[in-house]
Amino acid sequence: MTTSQDNHLTRVAAPEGVAPGTGYNHVVWGTGRFVAVSGQCAFDEKGELVGEGDAAAQARQVFENLRRCLAAAGATFEDVVKLTYFVTDVAHLPAVREARDEVIAPDRLPASSAVQVAALFRPGLLLEIEAFAVVQERTGTGPGVEAESESGFRTGSRAGFGTGFKTGFAG
């Protein structure tokens, strides 16, 4: 895994099991534990296309790559707050949703957007998915634990999207 840190940002160019990209990092996170995962396509760890012409196989590989990228940042699908789907044909969306439902519980679905595009960057690709996550910082133990981070933001098990996001500056 290739990791670099610049001030408050950490970048992971190639998480274990994911082929390196060209001109971008697969994962970037900063203070506050916001995690952005670059759009993932159906490439295996060697950079080979998985599922030529098969939207379901490509979707499963994309979600596996997303899982690996999230794990590189200490996140899981439970932490995902937004998915963006880019598909070459909206007819692929049922296969994408089926693969998503294998990894994200129906009561934990994130916000999402779906966009049909004329083409993706390489022939044979049918879809690309990007993800945003917010990882809860845990200090202390037990439900409802809250702490103030060095940046002055309150964090804890009650802070987060969908539960009355609590954040503010110390002052």
# chains A, B, ... in the order shown; residues from 1 in each chain; ligands from 1

call {"tool": "select_by_dssp", "arguments": {"residues": "segment 55-129 of chain A", "states": "alpha helix (DSSP H)", "output": "list in words"}}
result
Ala55, Ala56, Ala57, Gln58, Ala59, Arg60, Gln61, Val62, Phe63, Glu64, Asn65, Leu66, Arg67, Arg68, Cys69, Leu70, Ala71, Ala72, Leu93, Pro94, Ala95, Val96, Arg97, Glu98, Ala99, Arg100, Asp101, Glu102 and Val103 of chain A

call {"tool": "select_by_dssp", "arguments": {"residues": "segment 14-128 of chain A", "states": "strand (DSSP E)", "output": "VMD selection string"}}
result
chain A and resid 14 27 to 30 34 to 40 80 to 87 111 to 116 127 to 128

call {"tool": "residues_around", "arguments": {"residues": "Ala119 of chain A", "least_positions_apart": "6", "cutoff": "12 Å", "atoms": "only C-alpha atoms", "output": "PyMOL selection string"}}
result
chain A and resi 86-89+125-128

call {"tool": "closest_atom_pairs", "arguments": {"of": "segment 47-149 of chain A", "to": "segment 33-42 of chain A", "cutoff": "10 Å", "atoms": "only C-alpha atoms", "output": "CSV"}}
result
residue,atom,partner,partner_atom,distance
A:Gly47,CA,A:Ala42,CA,8.8
A:Glu48,CA,A:Ala42,CA,8.1
A:Leu49,CA,A:Ala42,CA,5.7
A:Val50,CA,A:Ala42,CA,5.4
A:Gly51,CA,A:Ala42,CA,7.4
A:Glu52,CA,A:Ala42,CA,9.0
A:Ala55,CA,A:Ala42,CA,9.4
A:Ala57,CA,A:Ala42,CA,8.1
A:Gln58,CA,A:Ala42,CA,4.9
A:Ala59,CA,A:Ala42,CA,7.0
A:Arg60,CA,A:Ala42,CA,8.0
A:Gln61,CA,A:Ala42,CA,5.1
A:Val62,CA,A:Ala42,CA,5.0
A:Phe63,CA,A:Gln40,CA,8.1
A:Glu64,CA,A:Ala42,CA,9.0
A:Asn65,CA,A:Gln40,CA,6.6
A:Leu66,CA,A:Gln40,CA,6.6
A:Arg67,CA,A:Val37,CA,10.0
A:Cys69,CA,A:Val37,CA,6.8
A:Leu70,CA,A:Val37,CA,7.2
A:Ala73,CA,A:Val35,CA,7.2
A:Gly74,CA,A:Arg33,CA,9.3
A:Ala75,CA,A:Val35,CA,8.0
A:Asp79,CA,A:Val35,CA,9.1
A:Val80,CA,A:Val35,CA,8.6
A:Val81,CA,A:Val35,CA,9.7
A:Lys82,CA,A:Ala36,CA,9.5
A:Leu83,CA,A:Gly39,CA,9.5
A:Thr84,CA,A:Gly39,CA,8.2
A:Tyr85,CA,A:Gly39,CA,8.5
A:Phe86,CA,A:Gly39,CA,8.7
A:Leu120,CA,A:Cys41,CA,9.4
A:Phe121,CA,A:Cys41,CA,9.9
A:Arg122,CA,A:Cys41,CA,9.8
A:Gly124,CA,A:Ala42,CA,9.7
A:Leu125,CA,A:Cys41,CA,7.1
A:Leu126,CA,A:Cys41,CA,8.4
A:Leu127,CA,A:Cys41,CA,6.5
A:Glu128,CA,A:Cys41,CA,4.8
A:Ile129,CA,A:Gly39,CA,4.8
A:Glu130,CA,A:Gly39,CA,3.9
A:Ala131,CA,A:Val37,CA,5.0
A:Phe132,CA,A:Ala36,CA,4.6
A:Ala133,CA,A:Val35,CA,4.9
A:Val134,CA,A:Phe34,CA,4.6
A:Val135,CA,A:Arg33,CA,5.2
A:Gln136,CA,A:Arg33,CA,7.1
A:Glu137,CA,A:Arg33,CA,7.4

call {"tool": "atom_distance", "arguments": {"atom1": "atom CA of Val103 of chain A", "atom2": "atom CA of Val12 of chain A"}}
result
22.4 Å

call {"tool": "atom_distance", "arguments": {"atom1": "atom CA of Val117 of chain A", "atom2": "atom CA of Ala72 of chain A"}}
result
28.6 Å

call {"tool": "decode", "arguments": {"residues": "segment 76-92 of chain A", "atoms": "N, CA, C and O atoms", "output": "mmCIF file, in the first residue's frame"}}
result
data_model
loop_
_atom_site.group_PDB
_atom_site.id
_atom_site.type_symbol
_atom_site.label_atom_id
_atom_site.label_comp_id
_atom_site.auth_asym_id
_atom_site.auth_seq_id
_atom_site.Cartn_x
_atom_site.Cartn_y
_atom_site.Cartn_z
ATOM 1 N N THR A 76 -15.930 1.296 6.639
ATOM 2 C CA THR A 76 -16.686 0.181 6.078
ATOM 3 C C THR A 76 -17.873 0.759 5.311
ATOM 4 O O THR A 76 -18.101 1.972 5.322
ATOM 5 N N PHE A 77 -18.651 -0.108 4.706
ATOM 6 C CA PHE A 77 -19.862 0.363 4.030
ATOM 7 C C PHE A 77 -20.838 0.993 5.013
ATOM 8 O O PHE A 77 -21.663 1.817 4.624
ATOM 9 N N GLU A 78 -20.733 0.653 6.281
ATOM 10 C CA GLU A 78 -21.574 1.281 7.313
ATOM 11 C C GLU A 78 -21.305 2.772 7.411
ATOM 12 O O GLU A 78 -22.166 3.529 7.848
ATOM 13 N N ASP A 79 -20.118 3.211 7.031
ATOM 14 C CA ASP A 79 -19.727 4.613 7.132
ATOM 15 C C ASP A 79 -20.043 5.420 5.879
ATOM 16 O O ASP A 79 -19.892 6.645 5.872
ATOM 17 N N VAL A 80 -20.480 4.763 4.803
ATOM 18 C CA VAL A 80 -20.715 5.450 3.535
ATOM 19 C C VAL A 80 -21.965 6.322 3.638
ATOM 20 O O VAL A 80 -23.029 5.863 4.047
ATOM 21 N N VAL A 81 -21.806 7.593 3.252
ATOM 22 C CA VAL A 81 -22.933 8.521 3.281
ATOM 23 C C VAL A 81 -23.396 8.901 1.877
ATOM 24 O O VAL A 81 -24.483 9.432 1.714
ATOM 25 N N LYS A 82 -22.588 8.608 0.852
ATOM 26 C CA LYS A 82 -22.955 8.981 -0.521
ATOM 27 C C LYS A 82 -22.273 8.064 -1.519
ATOM 28 O O LYS A 82 -21.086 7.792 -1.404
ATOM 29 N N LEU A 83 -23.050 7.554 -2.463
ATOM 30 C CA LEU A 83 -22.530 6.804 -3.607
ATOM 31 C C LEU A 83 -22.970 7.514 -4.872
ATOM 32 O O LEU A 83 -24.109 7.970 -4.972
ATOM 33 N N THR A 84 -22.078 7.597 -5.839
ATOM 34 C CA THR A 84 -22.426 8.138 -7.149
ATOM 35 C C THR A 84 -22.144 7.059 -8.185
ATOM 36 O O THR A 84 -21.036 6.526 -8.231
ATOM 37 N N TYR A 85 -23.163 6.736 -8.976
ATOM 38 C CA TYR A 85 -23.068 5.700 -9.993
ATOM 39 C C TYR A 85 -22.978 6.352 -11.367
ATOM 40 O O TYR A 85 -23.800 7.194 -11.714
ATOM 41 N N PHE A 86 -21.995 5.947 -12.150
ATOM 42 C CA PHE A 86 -21.871 6.356 -13.543
ATOM 43 C C PHE A 86 -22.035 5.079 -14.360
ATOM 44 O O PHE A 86 -21.241 4.148 -14.211
ATOM 45 N N VAL A 87 -23.055 5.018 -15.190
ATOM 46 C CA VAL A 87 -23.325 3.820 -15.980
ATOM 47 C C VAL A 87 -23.445 4.188 -17.456
ATOM 48 O O VAL A 87 -23.911 5.279 -17.791
ATOM 49 N N THR A 88 -23.022 3.279 -18.311
ATOM 50 C CA THR A 88 -23.129 3.536 -19.745
ATOM 51 C C THR A 88 -24.545 3.281 -20.260
ATOM 52 O O THR A 88 -24.883 3.684 -21.364
ATOM 53 N N ASP A 89 -25.368 2.625 -19.437
ATOM 54 C CA ASP A 89 -26.762 2.369 -19.781
ATOM 55 C C ASP A 89 -27.533 2.214 -18.467
ATOM 56 O O ASP A 89 -27.142 1.401 -17.619
ATOM 57 N N VAL A 90 -28.613 2.960 -18.297
ATOM 58 C CA VAL A 90 -29.377 2.863 -17.049
ATOM 59 C C VAL A 90 -29.954 1.464 -16.845
ATOM 60 O O VAL A 90 -30.327 1.103 -15.730
ATOM 61 N N ALA A 91 -29.983 0.657 -17.892
ATOM 62 C CA ALA A 91 -30.438 -0.729 -17.757
ATOM 63 C C ALA A 91 -29.506 -1.536 -16.852
ATOM 64 O O ALA A 91 -29.886 -2.608 -16.369
ATOM 65 N N HIS A 92 -28.289 -1.019 -16.572
ATOM 66 C CA HIS A 92 -27.358 -1.707 -15.674
ATOM 67 C C HIS A 92 -27.673 -1.451 -14.203
ATOM 68 O O HIS A 92 -27.137 -2.143 -13.324
#
